[in-house]
>>> print(open('coords.txt').read())   # compact mmCIF, N, CA and C atoms
# COMPACT_ATOMS: atom_id res chain seq x y z
N MET A 387 -2.95 170.40 -106.19
CA MET A 387 -3.07 169.41 -107.22
C MET A 387 -1.83 169.49 -108.12
N VAL A 388 -1.27 168.34 -108.43
CA VAL A 388 -0.07 168.27 -109.26
C VAL A 388 -0.51 168.12 -110.70
N SER A 389 0.07 168.91 -111.56
CA SER A 389 -0.26 168.75 -112.98
C SER A 389 1.00 168.32 -113.72
N TYR A 390 0.81 167.41 -114.61
CA TYR A 390 1.92 166.89 -115.41
C TYR A 390 1.78 167.34 -116.84
N HIS A 391 2.90 167.62 -117.47
CA HIS A 391 2.88 167.88 -118.91
C HIS A 391 2.83 166.54 -119.62
N SER A 392 2.39 166.53 -120.83
CA SER A 392 2.25 165.28 -121.58
C SER A 392 3.60 164.57 -121.74
N SER A 393 4.70 165.32 -121.86
CA SER A 393 6.01 164.69 -122.01
C SER A 393 6.43 163.99 -120.72
N GLU A 394 6.04 164.54 -119.57
CA GLU A 394 6.36 163.89 -118.30
C GLU A 394 5.57 162.60 -118.15
N VAL A 395 4.32 162.60 -118.58
CA VAL A 395 3.48 161.40 -118.50
C VAL A 395 4.04 160.33 -119.42
N GLU A 396 4.46 160.72 -120.60
CA GLU A 396 5.04 159.76 -121.53
C GLU A 396 6.33 159.16 -120.96
N GLY A 397 7.13 159.99 -120.30
CA GLY A 397 8.36 159.52 -119.67
C GLY A 397 8.08 158.52 -118.57
N LEU A 398 7.05 158.81 -117.75
CA LEU A 398 6.66 157.88 -116.68
C LEU A 398 6.16 156.56 -117.27
N ASN A 399 5.36 156.65 -118.31
CA ASN A 399 4.84 155.44 -118.97
C ASN A 399 5.97 154.62 -119.57
N LEU A 400 6.95 155.28 -120.16
CA LEU A 400 8.09 154.58 -120.76
C LEU A 400 8.89 153.85 -119.69
N ARG A 401 9.15 154.51 -118.56
CA ARG A 401 9.89 153.86 -117.48
C ARG A 401 9.11 152.69 -116.89
N ALA A 402 7.81 152.83 -116.79
CA ALA A 402 6.98 151.74 -116.28
C ALA A 402 7.03 150.54 -117.23
N CYS A 403 6.98 150.81 -118.52
CA CYS A 403 7.05 149.71 -119.51
C CYS A 403 8.43 149.05 -119.49
N GLN A 404 9.48 149.84 -119.34
CA GLN A 404 10.82 149.27 -119.26
C GLN A 404 10.98 148.41 -118.02
N SER A 405 10.46 148.87 -116.92
CA SER A 405 10.54 148.09 -115.67
C SER A 405 9.77 146.79 -115.80
N LEU A 406 8.59 146.86 -116.39
CA LEU A 406 7.79 145.66 -116.59
C LEU A 406 8.51 144.68 -117.52
N GLY A 407 9.09 145.19 -118.58
CA GLY A 407 9.84 144.34 -119.50
C GLY A 407 11.03 143.67 -118.82
N PHE A 408 11.72 144.42 -117.98
CA PHE A 408 12.84 143.86 -117.24
C PHE A 408 12.37 142.73 -116.32
N LEU A 409 11.28 142.96 -115.60
CA LEU A 409 10.76 141.94 -114.68
C LEU A 409 10.31 140.69 -115.42
N VAL A 410 9.64 140.86 -116.54
CA VAL A 410 9.19 139.71 -117.33
C VAL A 410 10.39 138.94 -117.87
N GLY A 411 11.38 139.65 -118.41
CA GLY A 411 12.58 138.99 -118.93
C GLY A 411 13.34 138.23 -117.86
N THR A 412 13.47 138.84 -116.69
CA THR A 412 14.15 138.19 -115.58
C THR A 412 13.40 136.94 -115.14
N GLY A 413 12.09 137.05 -115.05
CA GLY A 413 11.28 135.89 -114.66
C GLY A 413 11.40 134.75 -115.65
N LEU A 414 11.40 135.05 -116.94
CA LEU A 414 11.55 134.00 -117.96
C LEU A 414 12.94 133.37 -117.89
N SER A 415 13.96 134.17 -117.64
CA SER A 415 15.31 133.62 -117.52
C SER A 415 15.44 132.68 -116.34
N VAL A 416 14.86 133.08 -115.21
CA VAL A 416 14.91 132.23 -114.02
C VAL A 416 14.15 130.93 -114.26
N ALA A 417 12.99 131.02 -114.91
CA ALA A 417 12.21 129.82 -115.20
C ALA A 417 12.97 128.88 -116.14
N ALA A 418 13.61 129.43 -117.16
CA ALA A 418 14.38 128.61 -118.09
C ALA A 418 15.55 127.94 -117.38
N ALA A 419 16.24 128.68 -116.53
CA ALA A 419 17.37 128.12 -115.79
C ALA A 419 16.90 127.00 -114.86
N ALA A 420 15.77 127.20 -114.21
CA ALA A 420 15.24 126.18 -113.30
C ALA A 420 14.91 124.89 -114.04
N CYS A 421 14.51 125.01 -115.28
CA CYS A 421 14.20 123.82 -116.08
C CYS A 421 15.47 123.12 -116.57
N LEU A 422 16.52 123.87 -116.85
CA LEU A 422 17.73 123.31 -117.43
C LEU A 422 18.72 122.77 -116.40
N ILE A 423 18.72 123.29 -115.19
CA ILE A 423 19.69 122.87 -114.18
C ILE A 423 19.60 121.38 -113.87
N PRO A 424 18.41 120.82 -113.61
CA PRO A 424 18.37 119.37 -113.32
C PRO A 424 18.90 118.53 -114.49
N ARG A 425 18.63 118.97 -115.69
CA ARG A 425 19.10 118.25 -116.87
C ARG A 425 20.63 118.29 -116.95
N ALA A 426 21.21 119.44 -116.70
CA ALA A 426 22.67 119.57 -116.74
C ALA A 426 23.33 118.76 -115.63
N LEU A 427 22.74 118.77 -114.44
CA LEU A 427 23.31 118.00 -113.34
C LEU A 427 23.25 116.51 -113.59
N SER A 428 22.19 116.04 -114.20
CA SER A 428 22.08 114.60 -114.45
C SER A 428 23.07 114.14 -115.50
N ARG A 429 23.52 115.02 -116.36
CA ARG A 429 24.48 114.65 -117.41
C ARG A 429 25.92 114.68 -116.93
N SER A 430 26.19 115.30 -115.80
CA SER A 430 27.58 115.47 -115.38
C SER A 430 28.26 114.15 -115.04
N ASP A 431 27.50 113.12 -114.69
CA ASP A 431 28.09 111.84 -114.33
C ASP A 431 27.99 110.81 -115.45
N GLU A 432 27.52 111.22 -116.62
CA GLU A 432 27.35 110.27 -117.71
C GLU A 432 28.69 109.81 -118.26
N ILE A 433 28.70 108.58 -118.67
CA ILE A 433 29.84 108.02 -119.39
C ILE A 433 29.69 108.46 -120.84
N PRO A 434 30.77 108.73 -121.52
CA PRO A 434 30.67 109.20 -122.90
C PRO A 434 29.81 108.26 -123.74
N GLY A 435 28.93 108.84 -124.52
CA GLY A 435 28.03 108.07 -125.36
C GLY A 435 28.65 107.77 -126.71
N SER A 436 27.81 107.34 -127.62
CA SER A 436 28.30 106.95 -128.94
C SER A 436 28.78 108.15 -129.75
N LEU A 437 28.32 109.36 -129.39
CA LEU A 437 28.75 110.54 -130.13
C LEU A 437 30.14 111.01 -129.73
N VAL A 438 30.59 110.58 -128.55
CA VAL A 438 31.91 110.98 -128.06
C VAL A 438 32.79 109.74 -128.05
N ALA A 439 33.81 109.73 -128.89
CA ALA A 439 34.70 108.58 -128.97
C ALA A 439 35.65 108.58 -127.79
N ARG A 440 35.97 107.40 -127.31
CA ARG A 440 36.98 107.29 -126.26
C ARG A 440 38.34 107.59 -126.86
N VAL A 441 39.23 108.05 -126.02
CA VAL A 441 40.56 108.48 -126.47
C VAL A 441 41.58 107.40 -126.13
N ASN A 442 42.43 107.10 -127.09
CA ASN A 442 43.54 106.17 -126.86
C ASN A 442 44.78 107.00 -126.56
N PRO A 443 45.30 106.93 -125.34
CA PRO A 443 46.47 107.76 -124.99
C PRO A 443 47.72 107.42 -125.78
N ASN A 444 47.72 106.29 -126.47
CA ASN A 444 48.87 105.89 -127.28
C ASN A 444 48.89 106.57 -128.64
N THR A 445 47.75 107.12 -129.05
CA THR A 445 47.67 107.70 -130.40
C THR A 445 47.03 109.08 -130.43
N ALA A 446 46.38 109.50 -129.36
CA ALA A 446 45.61 110.76 -129.36
C ALA A 446 46.52 111.98 -129.45
N PRO A 447 46.06 113.01 -130.16
CA PRO A 447 46.82 114.26 -130.21
C PRO A 447 46.70 115.01 -128.88
N VAL A 448 47.57 115.97 -128.67
CA VAL A 448 47.63 116.71 -127.41
C VAL A 448 46.29 117.40 -127.10
N ALA A 449 45.60 117.92 -128.11
CA ALA A 449 44.33 118.62 -127.88
C ALA A 449 43.27 117.67 -127.33
N SER A 450 43.22 116.45 -127.82
CA SER A 450 42.25 115.47 -127.31
C SER A 450 42.57 115.08 -125.88
N LEU A 451 43.84 114.88 -125.59
CA LEU A 451 44.24 114.52 -124.23
C LEU A 451 43.98 115.66 -123.25
N ALA A 452 44.21 116.90 -123.68
CA ALA A 452 44.05 118.05 -122.80
C ALA A 452 42.60 118.25 -122.36
N ARG A 453 41.66 117.76 -123.15
CA ARG A 453 40.24 117.92 -122.80
C ARG A 453 39.76 116.90 -121.78
N LEU A 454 40.56 115.90 -121.50
CA LEU A 454 40.15 114.88 -120.53
C LEU A 454 40.10 115.48 -119.13
N PRO A 455 39.16 115.00 -118.30
CA PRO A 455 39.05 115.56 -116.95
C PRO A 455 40.31 115.32 -116.12
N GLY A 456 40.85 116.39 -115.55
CA GLY A 456 42.03 116.28 -114.70
C GLY A 456 43.35 116.25 -115.44
N ILE A 457 43.34 116.43 -116.76
CA ILE A 457 44.59 116.36 -117.52
C ILE A 457 45.13 117.75 -117.85
N GLY A 458 44.50 118.48 -118.72
CA GLY A 458 44.99 119.81 -119.09
C GLY A 458 46.18 119.71 -120.03
N TRP A 459 46.69 120.88 -120.44
CA TRP A 459 47.74 120.93 -121.46
C TRP A 459 49.08 120.39 -120.95
N THR A 460 49.45 120.68 -119.72
CA THR A 460 50.75 120.25 -119.22
C THR A 460 50.84 118.74 -119.14
N ARG A 461 49.84 118.10 -118.56
CA ARG A 461 49.86 116.64 -118.46
C ARG A 461 49.68 115.98 -119.82
N ALA A 462 48.91 116.60 -120.71
CA ALA A 462 48.74 116.05 -122.05
C ALA A 462 50.08 116.00 -122.77
N ARG A 463 50.86 117.07 -122.66
CA ARG A 463 52.19 117.08 -123.28
C ARG A 463 53.12 116.06 -122.62
N ALA A 464 52.96 115.88 -121.30
CA ALA A 464 53.78 114.89 -120.59
C ALA A 464 53.43 113.47 -121.06
N ILE A 465 52.16 113.22 -121.32
CA ILE A 465 51.74 111.91 -121.84
C ILE A 465 52.38 111.65 -123.19
N ILE A 466 52.35 112.65 -124.06
CA ILE A 466 52.93 112.48 -125.39
C ILE A 466 54.45 112.32 -125.31
N THR A 467 55.09 113.09 -124.46
CA THR A 467 56.55 112.96 -124.28
C THR A 467 56.90 111.55 -123.80
N HIS A 468 56.15 111.05 -122.83
CA HIS A 468 56.41 109.70 -122.30
C HIS A 468 56.21 108.64 -123.38
N ARG A 469 55.12 108.73 -124.11
CA ARG A 469 54.86 107.69 -125.13
C ARG A 469 55.90 107.73 -126.25
N GLU A 470 56.40 108.92 -126.60
CA GLU A 470 57.45 109.02 -127.62
C GLU A 470 58.76 108.45 -127.10
N ARG A 471 59.05 108.69 -125.82
CA ARG A 471 60.27 108.16 -125.22
C ARG A 471 60.21 106.63 -125.16
N VAL A 472 59.07 106.09 -124.76
CA VAL A 472 58.92 104.63 -124.66
C VAL A 472 58.98 103.99 -126.05
N ALA A 473 58.30 104.61 -127.02
CA ALA A 473 58.27 104.05 -128.37
C ALA A 473 59.64 104.08 -129.03
N GLY A 474 60.42 105.11 -128.76
CA GLY A 474 61.76 105.20 -129.32
C GLY A 474 61.79 105.11 -130.82
N GLY A 475 60.81 105.68 -131.48
CA GLY A 475 60.77 105.67 -132.94
C GLY A 475 60.16 104.41 -133.53
N MET A 476 59.69 103.51 -132.68
CA MET A 476 59.06 102.27 -133.16
C MET A 476 57.55 102.37 -132.92
N PRO A 477 56.76 102.69 -133.96
CA PRO A 477 55.33 102.97 -133.79
C PRO A 477 54.53 101.80 -133.21
N GLU A 478 55.03 100.57 -133.34
CA GLU A 478 54.28 99.43 -132.82
C GLU A 478 54.43 99.27 -131.30
N THR A 479 55.36 100.01 -130.70
CA THR A 479 55.55 99.95 -129.25
C THR A 479 54.47 100.77 -128.56
N VAL A 480 53.82 100.16 -127.57
CA VAL A 480 52.72 100.80 -126.86
C VAL A 480 53.20 101.23 -125.47
N ALA A 481 53.02 102.50 -125.15
CA ALA A 481 53.46 103.03 -123.86
C ALA A 481 52.43 102.77 -122.76
N PHE A 482 51.15 102.82 -123.12
CA PHE A 482 50.09 102.69 -122.13
C PHE A 482 49.20 101.49 -122.47
N LYS A 483 49.27 100.47 -121.62
CA LYS A 483 48.45 99.28 -121.82
C LYS A 483 47.23 99.25 -120.90
N SER A 484 47.27 100.09 -119.83
CA SER A 484 46.17 100.12 -118.87
C SER A 484 46.18 101.46 -118.14
N LEU A 485 45.16 101.68 -117.31
CA LEU A 485 45.10 102.90 -116.51
C LEU A 485 46.30 103.04 -115.59
N GLY A 486 46.78 101.93 -115.09
CA GLY A 486 47.93 101.96 -114.19
C GLY A 486 49.16 102.55 -114.85
N ASP A 487 49.32 102.31 -116.14
CA ASP A 487 50.47 102.85 -116.86
C ASP A 487 50.45 104.38 -116.91
N LEU A 488 49.26 104.97 -116.87
CA LEU A 488 49.16 106.43 -116.89
C LEU A 488 49.70 107.06 -115.62
N GLN A 489 49.76 106.28 -114.56
CA GLN A 489 50.25 106.80 -113.29
C GLN A 489 51.76 107.05 -113.31
N ARG A 490 52.41 106.68 -114.39
CA ARG A 490 53.83 107.00 -114.55
C ARG A 490 54.03 108.49 -114.85
N ILE A 491 52.94 109.14 -115.25
CA ILE A 491 53.00 110.57 -115.58
C ILE A 491 52.83 111.36 -114.29
N ARG A 492 53.74 112.30 -114.08
CA ARG A 492 53.69 113.12 -112.88
C ARG A 492 52.34 113.86 -112.81
N GLY A 493 51.67 113.77 -111.66
CA GLY A 493 50.40 114.44 -111.46
C GLY A 493 49.20 113.56 -111.73
N ILE A 494 49.43 112.36 -112.24
CA ILE A 494 48.32 111.43 -112.46
C ILE A 494 48.46 110.31 -111.44
N GLY A 495 47.60 110.36 -110.45
CA GLY A 495 47.60 109.34 -109.41
C GLY A 495 46.43 108.39 -109.60
N PRO A 496 46.20 107.52 -108.64
CA PRO A 496 45.13 106.54 -108.75
C PRO A 496 43.74 107.16 -108.94
N MET A 497 43.46 108.25 -108.23
CA MET A 497 42.14 108.86 -108.35
C MET A 497 41.93 109.50 -109.72
N THR A 498 42.94 110.19 -110.23
CA THR A 498 42.83 110.80 -111.55
C THR A 498 42.69 109.72 -112.61
N ALA A 499 43.50 108.66 -112.50
CA ALA A 499 43.42 107.56 -113.46
C ALA A 499 42.04 106.92 -113.44
N GLU A 500 41.50 106.72 -112.25
CA GLU A 500 40.17 106.11 -112.14
C GLU A 500 39.09 107.01 -112.76
N GLY A 501 39.24 108.32 -112.59
CA GLY A 501 38.30 109.26 -113.20
C GLY A 501 38.38 109.28 -114.72
N LEU A 502 39.51 108.87 -115.25
CA LEU A 502 39.69 108.85 -116.72
C LEU A 502 39.15 107.57 -117.35
N ALA A 503 38.89 106.57 -116.55
CA ALA A 503 38.48 105.24 -117.07
C ALA A 503 37.37 105.31 -118.13
N PRO A 504 36.29 106.05 -117.90
CA PRO A 504 35.21 106.06 -118.90
C PRO A 504 35.60 106.76 -120.20
N TRP A 505 36.66 107.52 -120.18
CA TRP A 505 37.02 108.34 -121.34
C TRP A 505 38.14 107.73 -122.19
N LEU A 506 38.75 106.65 -121.71
CA LEU A 506 39.92 106.10 -122.39
C LEU A 506 39.67 104.71 -122.94
N ARG A 507 40.47 104.37 -123.96
CA ARG A 507 40.48 103.01 -124.48
C ARG A 507 41.94 102.65 -124.75
N PHE A 508 42.26 101.40 -124.57
CA PHE A 508 43.63 100.92 -124.79
C PHE A 508 43.55 99.77 -125.80
N ASP A 509 43.93 100.05 -127.03
CA ASP A 509 43.92 98.97 -128.05
C ASP A 509 45.11 99.03 -128.95
>>> encode(input="coords.txt", output="structure tokens")
Amino acid sequence: MVSYHSSEVEGLNLRACQSLGFLVGTGLSVAAAACLIPRALSRSDEIPGSLVARVNPNTAPVASLARLPGIGWTRARAIITHRERVAGGMPETVAFKSLGDLQRIRGIGPMTAEGLAPWLRFD
């Protein structure tokens, strides 16, 4: 017959409680993720709503342009460089009148421009 000291029993009980807590926490995390994944996937194709303003590439700062899908910091700076070159110090001159004009920027092709359509405005 095996006899346990009270401290050994307490140690076993503590490990059992920790294991149970871990299993319950893991189960709750998996359940929460399962509920949130369909919601996140359905939002990935949404067009920007009223809370997200469309960006005008003729006036937007580099940080706003860099957040656009497929742009990043390098292309955002190239957009600003191009618009400053075209404007030539004349603020009323517009460098980008349509999505097609964005294709003048290296790395922005027809597919990237088309993907930017919901996020841009030209006025």
>>> residues_around(input="coords.txt", residues="Arg461 in chain A", least_positions_apart="3", cutoff="7 Å", atoms="all atoms listed in the file", output="VMD selection string")
chain A and resid 451 to 452 457 to 458 464 to 466 492
>>> atom_distance(input="coords.txt", atom1="CA of Val480 in chain A", atom2="CA of Pro447 in chain A")
15.1 Å
>>> closest_residue(input="coords.txt", among="A:Pro496, A:Gly413, A:Pro443, A:Gly407", to="Arg469 in chain A", atoms="only N, CA and C atoms")
A:Pro443
>>> atom_distance(input="coords.txt", atom1="CA of Trp505 in chain A", atom2="CA of Glu478 in chain A")
22.6 Å
>>> closest_residue(input="coords.txt", among="A:Arg440, A:Arg490, A:Arg463, A:Arg471", to="Arg507 in chain A", atoms="all atoms listed in the file")
A:Arg440
>>> atom_distance(input="coords.txt", atom1="atom N of Gln489 in chain A", atom2="CA of Leu502 in chain A")
10.6 Å
>>> closest_residue(input="coords.txt", among="A:Glu500, A:Asp487, A:Glu396, A:Asp509", to="Ala446 in chain A", atoms="only C-alpha atoms")
A:Asp509
>>> residues_around(input="coords.txt", residues="Gly501 in chain A", least_positions_apart="5", cutoff="8 Å", atoms="only N, CA and C atoms", output="PyMOL selection string")
chain A and resi 454-456+495-496+506
>>> closest_residue(input="coords.txt", among="A:Leu409, A:Ala402, A:Val448, A:Met497", to="Thr460 in chain A", atoms="only C-alpha atoms")
A:Val448
